[in-house]
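Following: one structure in structure tokens, then a few remarks.
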Amino acid sequence: EDTVRCIVSNMTEDADLAGELLQRRELQLIDAQDSDDEVDWQTWRPSPRELHSDPSDRKRVSHTHKNMDIMSILVNIYGTKELFVNEYRNLLADRILSNNNFDGDKERRHLELLSYRFGQDEINKCSVMLRDVAESKKSTDLLEARWKTADNTDPKPDFSVSPIILSAQFWPTLREEKLTLPARVQHSLDAYKKSYEVLKSTRTVEWMPHLGKVEVEIQVGDTVQTKSLTPTQAAVLVILEERGKVSWDELSNLLSVAVAPLRRKLACLFSAGLVVEREGGVIEPLEVRAMETSIGGTAGAAAGVTSFHSDDEEADSAMMTGNDLKQEDLNCYWMYTVSMLRNMKSLTAERIHSMLKMFSKAGSNSTELSQEDLTFFLNSKVKQEQLVYSNGVYRLPDKT
């Protein structure tokens, strides 16, 4: 997974593999029936050169290897076209939601080139994601024009709000996280939502307040600094502006975020000298006299904007990690398994696996669980006393 992510990132960031996108040719994929998957890798040995003395063998070797470009080789080694396109979709979502310098024109160029390599059908979802960005900007521009009119009666945010309104079925799974915003920030988001519902009478928005970027102007002494922060970091500065100082426990309760992840998220604010921790776990700002806020930032950051990032790369990402997605699928499979055992009393692992395969095919976002993984998962539930295993079948304990 990490290898594919590095390859796709390198390919779309003007790095070593960027030239591969410029080759407007389809990928040369090895047919599964021609592969050596059935050969035991522990006993495999390369064929002697004399075995390829026949002209037909030389022609086959030439066609398989010499005509295959670097990108085709990488896709054949590490996965399928779908795997690479899905990884680019994840990367694109992260760039849109987590980067103030998102360049839509550059990504549209990437999509055009990717369509030659992977096929137009494979990247349609990515095209919808870019269209969401453009449509969101149009909606915000229309609302801002309405707010400026003299007869406007729609609620108006106290500061600039530039959301990305997602077509959820076309986006990859985003990271879920609870965050309670300060009242005056939430008021502006509510005002935008009400105005949007007036503009689009049949539509509404549901906020994901932990995602995106916030541009904040901070006056420290006589100097005004423009910072690009995460919503959690910006919310902390708003609270400190209102209260002057706050303890870790109070901050945790106000934001609905546990203290441990909160410390990790705010580490960069401490290192930048914007806040300081006093004796007794009390947090105070360092001479912050005024602050202006702008939520959004996906249209591009102004010159001189400093962007803060956590040391934990996954914490800054808008995407769910592979482990998060796997755990989510396991929780879903567990609910199906409990339901089946309640109806059928007892089942073998093979029977449970065959029935879960139908559920995984029905859900486009779920990954299929192998027989070995399922058995390991069921046995872990036995150890947790959530299942009983006897005579080759699994059943629910009597107390369930």
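Identifiers in the structure tokens: chain A, B, ... in order shown; residue index from 1 per chain; ligand index from 1 in order shown.
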So which residues touch Gly281 of chain A within 7 Å, counting only C-alpha atoms, skipping near sequence neighbours fewer than 2 positions away, as a VMD selection string?
-> chain A and resid 247 to 248 277 to 279 283
Residue contacts of Leu199 of chain A (12 Å, only C-alpha atoms) excluding same-chain residues fewer than 6 positions away, as a list in words = Lys138, Ser139, Thr140, Asp141, Leu142, Leu143, Glu144, Ala145, Arg146, Trp147, Asp154, Tyr192, Lys193 and Val205 of chain A
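Within the 7 Å cut-off around Val275 of chain A, using only C-alpha atoms and omitting residues fewer than 4 positions from it on the same chain, the listed residues are Leu269, Phe270, Ile283, Glu284, Pro285 and Leu286 of chain A.
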Output all heavy atoms for every residue in the selection just made, as an mmCIF file, in the first residue's frame.
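Contents of the output file selection-v9.cif:
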```
data_model
loop_
_atom_site.group_PDB
_atom_site.id
_atom_site.type_symbol
_atom_site.label_atom_id
_atom_site.label_comp_id
_atom_site.auth_asym_id
_atom_site.auth_seq_id
_atom_site.Cartn_x
_atom_site.Cartn_y
_atom_site.Cartn_z
ATOM 1 N N LEU A 269 2.048 24.356 17.395
ATOM 2 C CA LEU A 269 1.766 25.693 17.932
ATOM 3 C C LEU A 269 2.736 26.043 19.050
ATOM 4 O O LEU A 269 3.169 27.192 19.182
ATOM 5 C CB LEU A 269 0.330 25.757 18.454
ATOM 6 C CG LEU A 269 -0.803 25.608 17.439
ATOM 7 C CD1 LEU A 269 -2.147 25.815 18.127
ATOM 8 C CD2 LEU A 269 -0.641 26.596 16.291
ATOM 9 N N PHE A 270 3.087 25.040 19.854
ATOM 10 C CA PHE A 270 4.065 25.266 20.915
ATOM 11 C C PHE A 270 5.446 25.532 20.319
ATOM 12 O O PHE A 270 6.152 26.444 20.757
ATOM 13 C CB PHE A 270 4.118 24.063 21.857
ATOM 14 C CG PHE A 270 2.938 23.943 22.771
ATOM 15 C CD1 PHE A 270 1.903 23.078 22.481
ATOM 16 C CD2 PHE A 270 2.856 24.701 23.924
ATOM 17 C CE1 PHE A 270 0.810 22.955 23.313
ATOM 18 C CE2 PHE A 270 1.759 24.596 24.783
ATOM 19 C CZ PHE A 270 0.734 23.722 24.470
ATOM 20 N N ILE A 283 -2.575 26.449 29.597
ATOM 21 C CA ILE A 283 -2.089 26.922 28.296
ATOM 22 C C ILE A 283 -2.442 28.386 28.137
ATOM 23 O O ILE A 283 -3.581 28.801 28.393
ATOM 24 C CB ILE A 283 -2.712 26.097 27.148
ATOM 25 C CG1 ILE A 283 -2.502 24.609 27.396
ATOM 26 C CG2 ILE A 283 -2.130 26.501 25.806
ATOM 27 C CD1 ILE A 283 -3.325 23.734 26.504
ATOM 28 N N GLU A 284 -1.462 29.172 27.687
ATOM 29 C CA GLU A 284 -1.686 30.593 27.455
ATOM 30 C C GLU A 284 -1.109 30.987 26.103
ATOM 31 O O GLU A 284 -0.138 30.395 25.636
ATOM 32 C CB GLU A 284 -1.000 31.441 28.546
ATOM 33 C CG GLU A 284 -1.593 31.295 29.925
ATOM 34 C CD GLU A 284 -0.886 32.185 30.934
ATOM 35 O OE1 GLU A 284 0.130 32.812 30.566
ATOM 36 O OE2 GLU A 284 -1.350 32.262 32.085
ATOM 37 N N PRO A 285 -1.692 32.016 25.450
ATOM 38 C CA PRO A 285 -1.097 32.534 24.210
ATOM 39 C C PRO A 285 0.062 33.462 24.538
ATOM 40 O O PRO A 285 0.135 34.026 25.631
ATOM 41 C CB PRO A 285 -2.251 33.299 23.561
ATOM 42 C CG PRO A 285 -3.077 33.758 24.720
ATOM 43 C CD PRO A 285 -2.962 32.684 25.779
ATOM 44 N N LEU A 286 0.985 33.620 23.589
ATOM 45 C CA LEU A 286 2.119 34.519 23.778
ATOM 46 C C LEU A 286 1.839 35.842 23.080
ATOM 47 O O LEU A 286 2.046 35.982 21.868
ATOM 48 C CB LEU A 286 3.397 33.891 23.216
ATOM 49 C CG LEU A 286 4.018 32.767 24.038
ATOM 50 C CD1 LEU A 286 5.286 32.264 23.373
ATOM 51 C CD2 LEU A 286 4.326 33.234 25.448
#
```
So, counting only C-alpha atoms, which residue among A:Ile218, A:Ile73, A:Leu240, A:Leu111 is closest to Val276 of chain A?
-> A:Leu240
Residues within 7 Å of Leu347 of chain A, only C-alpha atoms, excluding chain neighbours under 5 positions, as a ChimeraX atom specification = /A:341,352,393-395
Selection to disk with N, CA, C and O atoms, as a PDB file, in the first residue's frame:
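After the write, part.pdb holds the following:
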```
ATOM      1  N   LEU A 341     -25.779 -15.902  12.849  1.00  0.00           N
ATOM      2  CA  LEU A 341     -25.784 -16.905  13.915  1.00  0.00           C
ATOM      3  C   LEU A 341     -27.056 -16.844  14.746  1.00  0.00           C
ATOM      4  O   LEU A 341     -27.500 -17.868  15.294  1.00  0.00           O
ATOM      5  N   ILE A 352     -19.825 -19.381   6.881  1.00  0.00           N
ATOM      6  CA  ILE A 352     -19.840 -17.940   7.174  1.00  0.00           C
ATOM      7  C   ILE A 352     -19.090 -17.167   6.094  1.00  0.00           C
ATOM      8  O   ILE A 352     -19.541 -16.117   5.625  1.00  0.00           O
ATOM      9  N   VAL A 393     -18.024 -25.829  14.577  1.00  0.00           N
ATOM     10  CA  VAL A 393     -18.970 -24.783  14.252  1.00  0.00           C
ATOM     11  C   VAL A 393     -18.889 -23.659  15.291  1.00  0.00           C
ATOM     12  O   VAL A 393     -18.474 -23.866  16.436  1.00  0.00           O
ATOM     13  N   TYR A 394     -19.273 -22.479  14.860  1.00  0.00           N
ATOM     14  CA  TYR A 394     -19.316 -21.311  15.735  1.00  0.00           C
ATOM     15  C   TYR A 394     -20.760 -20.995  16.090  1.00  0.00           C
ATOM     16  O   TYR A 394     -21.669 -21.123  15.255  1.00  0.00           O
ATOM     17  N   ARG A 395     -20.975 -20.554  17.312  1.00  0.00           N
ATOM     18  CA  ARG A 395     -22.301 -20.114  17.739  1.00  0.00           C
ATOM     19  C   ARG A 395     -22.141 -18.990  18.753  1.00  0.00           C
ATOM     20  O   ARG A 395     -21.050 -18.792  19.319  1.00  0.00           O
TER      21      ARG A 395
END
```
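Close contacts of Leu22 of chain A, defined as residues with an atom at most 12 Å away when counting only C-alpha atoms, with chain neighbours fewer than 2 positions off set aside, comprise A:Met11, A:Thr12, A:Asp14, A:Leu17, A:Ala18, A:Gly19, A:Glu20, A:Arg24, A:Arg25, A:Glu26, A:Asp69, A:Met71, A:Arg109, A:His110, A:Leu111, A:Glu112, A:Leu113, A:Leu114, A:Ser115, A:Tyr116, A:Arg117.
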Would you mind listing what lies within 10 Å of Glu242 of chain A as a PyMOL selection string, with only C-alpha atoms counted and same-chain residues fewer than 5 positions away left out?
-> chain A and resi 182+236-237
To one decimal place, how far is atom CA of Leu378 of chain A from atom CA of Ala349 of chain A in Å?
->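 Atom CA of Ala349 of chain A lies 8.0 Å from atom CA of Leu378 of chain A.
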Which residue, A:Asp94, A:Asp105, A:Glu177, A:Glu122, has the smallest gap to Thr80 of chain A when you use only C-alpha atoms?
->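 Of A:Asp94, A:Asp105, A:Glu177, A:Glu122, the one nearest Thr80 of chain A, counting only C-alpha atoms, is A:Glu122.
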Taking the backbone alone, and naming residues the way the document does, which bits of segment 44-276 of chain A are helix (DSSP H, G or I) by DSSP, as number ranges by chain?
-> A: 49-52, 55-66, 70-78, 81-98, 104-118, 121-147, 168-170, 183-199, 231-243, 248-255, 259-271
Output C-alpha atoms for every residue in the selection just made, as a tab-separated table (two decimals), in the first residue's frame.
```
chain	number	residue	atom	x	y	z
A	49	ARG	CA	19.53	-19.12	-22.23
A	50	GLU	CA	19.61	-22.00	-24.67
A	51	LEU	CA	15.90	-22.64	-24.05
A	52	HIS	CA	15.19	-19.34	-25.78
A	55	PRO	CA	12.84	-17.72	-32.74
A	56	SER	CA	9.32	-18.00	-31.31
A	57	ASP	CA	10.72	-17.86	-27.76
A	58	ARG	CA	12.82	-14.80	-28.57
A	59	LYS	CA	9.78	-13.09	-30.06
A	60	ARG	CA	7.71	-13.84	-26.95
A	61	VAL	CA	10.43	-12.54	-24.59
A	62	SER	CA	10.85	-9.41	-26.69
A	63	HIS	CA	7.12	-8.71	-26.70
A	64	THR	CA	6.75	-9.30	-22.95
A	65	HIS	CA	9.69	-7.26	-21.71
A	66	LYS	CA	11.22	-4.95	-24.31
A	70	ILE	CA	8.23	1.43	-16.65
A	71	MET	CA	4.67	2.22	-15.56
A	72	SER	CA	3.35	-1.04	-17.02
A	73	ILE	CA	6.06	-2.97	-15.19
A	74	LEU	CA	5.21	-1.29	-11.88
A	75	VAL	CA	1.47	-1.94	-12.25
A	76	ASN	CA	2.14	-5.61	-13.07
A	77	ILE	CA	4.44	-5.99	-10.06
A	78	TYR	CA	2.49	-4.15	-7.38
A	81	LYS	CA	-5.01	-0.59	-12.58
A	82	GLU	CA	-7.83	-0.18	-10.07
A	83	LEU	CA	-5.37	-0.18	-7.15
A	84	PHE	CA	-3.28	2.61	-8.70
A	85	VAL	CA	-6.30	4.71	-9.69
A	86	ASN	CA	-7.83	4.36	-6.21
A	87	GLU	CA	-4.54	5.45	-4.67
A	88	TYR	CA	-4.49	8.52	-6.92
A	89	ARG	CA	-8.09	9.23	-5.89
A	90	ASN	CA	-7.02	9.13	-2.23
A	91	LEU	CA	-4.07	11.39	-3.00
A	92	LEU	CA	-6.29	13.83	-4.89
A	93	ALA	CA	-8.80	14.00	-2.02
A	94	ASP	CA	-5.96	14.70	0.41
A	95	ARG	CA	-4.61	17.46	-1.81
A	96	ILE	CA	-8.02	19.10	-2.13
A	97	LEU	CA	-8.93	18.97	1.56
A	98	SER	CA	-5.55	19.41	3.23
A	104	GLY	CA	-7.02	22.41	-10.01
A	105	ASP	CA	-5.58	23.06	-13.49
A	106	LYS	CA	-2.56	20.89	-12.73
A	107	GLU	CA	-4.73	18.02	-11.50
A	108	ARG	CA	-7.00	18.27	-14.56
A	109	ARG	CA	-3.87	17.88	-16.67
A	110	HIS	CA	-2.93	14.82	-14.63
A	111	LEU	CA	-6.38	13.32	-15.20
A	112	GLU	CA	-6.11	13.85	-18.95
A	113	LEU	CA	-2.77	12.04	-19.02
A	114	LEU	CA	-3.95	9.29	-16.66
A	115	SER	CA	-6.92	8.58	-18.94
A	116	TYR	CA	-4.49	7.51	-21.68
A	117	ARG	CA	-2.65	5.17	-19.32
A	118	PHE	CA	-5.49	3.73	-17.22
A	121	ASP	CA	-13.77	4.88	-17.15
A	122	GLU	CA	-11.28	4.31	-14.34
A	123	ILE	CA	-10.81	8.00	-13.52
A	124	ASN	CA	-14.39	9.30	-13.84
A	125	LYS	CA	-14.72	9.57	-10.06
A	126	CYS	CA	-11.65	11.80	-9.95
A	127	SER	CA	-13.24	14.08	-12.54
A	128	VAL	CA	-16.34	14.41	-10.35
A	129	MET	CA	-14.13	15.37	-7.40
A	130	LEU	CA	-12.59	18.23	-9.38
A	131	ARG	CA	-16.05	19.30	-10.54
A	132	ASP	CA	-17.15	19.43	-6.89
A	133	VAL	CA	-14.34	21.92	-6.21
A	134	ALA	CA	-15.44	24.17	-9.08
A	135	GLU	CA	-19.15	23.94	-8.19
A	136	SER	CA	-18.44	24.71	-4.53
A	137	LYS	CA	-16.58	27.86	-5.49
A	138	LYS	CA	-19.46	28.95	-7.72
A	139	SER	CA	-21.95	28.45	-4.86
A	140	THR	CA	-19.79	30.45	-2.46
A	141	ASP	CA	-19.39	33.27	-4.99
A	142	LEU	CA	-23.18	33.42	-5.49
A	143	LEU	CA	-23.79	33.52	-1.74
A	144	GLU	CA	-21.22	36.26	-1.21
A	145	ALA	CA	-22.91	38.31	-3.94
A	146	ARG	CA	-26.31	37.85	-2.22
A	147	TRP	CA	-24.90	38.88	1.16
A	168	ALA	CA	-20.05	11.64	-1.26
A	169	GLN	CA	-20.56	8.57	-3.47
A	170	PHE	CA	-17.64	9.59	-5.72
A	183	ALA	CA	-19.73	29.05	19.39
A	184	ARG	CA	-18.85	32.00	17.14
A	185	VAL	CA	-17.17	29.71	14.62
A	186	GLN	CA	-20.14	27.33	14.59
A	187	HIS	CA	-22.46	30.34	14.18
A	188	SER	CA	-20.74	31.27	10.91
A	189	LEU	CA	-20.99	27.70	9.62
A	190	ASP	CA	-24.69	27.59	10.52
A	191	ALA	CA	-25.23	30.91	8.74
A	192	TYR	CA	-23.58	29.56	5.58
A	193	LYS	CA	-25.71	26.40	5.77
A	194	LYS	CA	-28.98	28.35	6.05
A	195	SER	CA	-28.05	30.62	3.14
A	196	TYR	CA	-27.05	27.59	1.05
A	197	GLU	CA	-30.43	25.95	1.74
A	198	VAL	CA	-32.12	29.10	0.45
A	199	LEU	CA	-29.93	29.12	-2.67
A	231	PRO	CA	-9.47	23.39	12.35
A	232	THR	CA	-8.43	22.00	15.74
A	233	GLN	CA	-5.45	24.35	15.99
A	234	ALA	CA	-7.54	27.35	14.94
A	235	ALA	CA	-10.30	26.45	17.41
A	236	VAL	CA	-7.74	26.41	20.23
A	237	LEU	CA	-6.53	29.91	19.31
A	238	VAL	CA	-10.12	31.18	19.25
A	239	ILE	CA	-10.71	29.74	22.73
A	240	LEU	CA	-7.49	31.30	24.02
A	241	GLU	CA	-8.46	34.66	22.52
A	242	GLU	CA	-11.78	34.51	24.35
A	243	ARG	CA	-10.57	33.11	27.68
A	248	TRP	CA	-5.82	20.75	29.11
A	249	ASP	CA	-8.92	19.17	30.67
A	250	GLU	CA	-11.04	22.25	29.94
A	251	LEU	CA	-9.75	22.36	26.37
A	252	SER	CA	-10.52	18.66	25.93
A	253	ASN	CA	-14.09	19.14	27.15
A	254	LEU	CA	-14.67	22.24	25.00
A	255	LEU	CA	-13.44	20.58	21.79
A	259	VAL	CA	-6.03	15.14	25.80
A	260	ALA	CA	-3.44	12.79	24.24
A	261	PRO	CA	-4.35	13.44	20.56
A	262	LEU	CA	-4.94	17.10	21.41
A	263	ARG	CA	-1.35	17.45	22.64
A	264	ARG	CA	-0.10	15.88	19.40
A	265	LYS	CA	-2.20	18.19	17.23
A	266	LEU	CA	-1.02	21.32	19.07
A	267	ALA	CA	2.69	20.45	19.19
A	268	CYS	CA	3.46	22.72	16.23
A	269	LEU	CA	1.77	25.69	17.93
A	270	PHE	CA	4.06	25.27	20.92
A	271	SER	CA	7.16	24.90	18.73
```
Excluding Lys178 of chain A and any residue of its chain fewer than 6 positions from it, enumerate the residues within 9 Å of it, using only C-alpha atoms, and give them as a list in words.
->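 My reading of the contact set: Met208, Pro209, His210, Leu255, Ser256 and Val257 of chain A.
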Take the residues that were just selected and, keeping N, CA, C and O atoms, output them as a tab-separated table (two decimals), in the first residue's frame.
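Contents of the output file out21.tsv:
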```tsv
chain	number	residue	atom	x	y	z
A	208	MET	N	-18.14	18.62	8.10
A	208	MET	CA	-17.09	17.77	8.66
A	208	MET	C	-16.03	18.73	9.21
A	208	MET	O	-15.03	19.01	8.55
A	209	PRO	N	-16.25	19.26	10.42
A	209	PRO	CA	-15.46	20.39	10.90
A	209	PRO	C	-13.99	20.08	11.14
A	209	PRO	O	-13.17	21.01	11.24
A	210	HIS	N	-13.62	18.80	11.22
A	210	HIS	CA	-12.22	18.47	11.49
A	210	HIS	C	-11.36	18.47	10.23
A	210	HIS	O	-10.13	18.36	10.32
A	255	LEU	N	-13.60	21.02	23.18
A	255	LEU	CA	-13.44	20.58	21.79
A	255	LEU	C	-13.92	19.15	21.56
A	255	LEU	O	-14.01	18.72	20.41
A	256	SER	N	-14.22	18.42	22.63
A	256	SER	CA	-14.62	17.00	22.54
A	256	SER	C	-13.51	16.16	21.91
A	256	SER	O	-13.75	15.25	21.11
A	257	VAL	N	-12.26	16.48	22.28
A	257	VAL	CA	-11.09	15.75	21.81
A	257	VAL	C	-10.29	15.31	23.03
A	257	VAL	O	-10.07	16.10	23.95
```
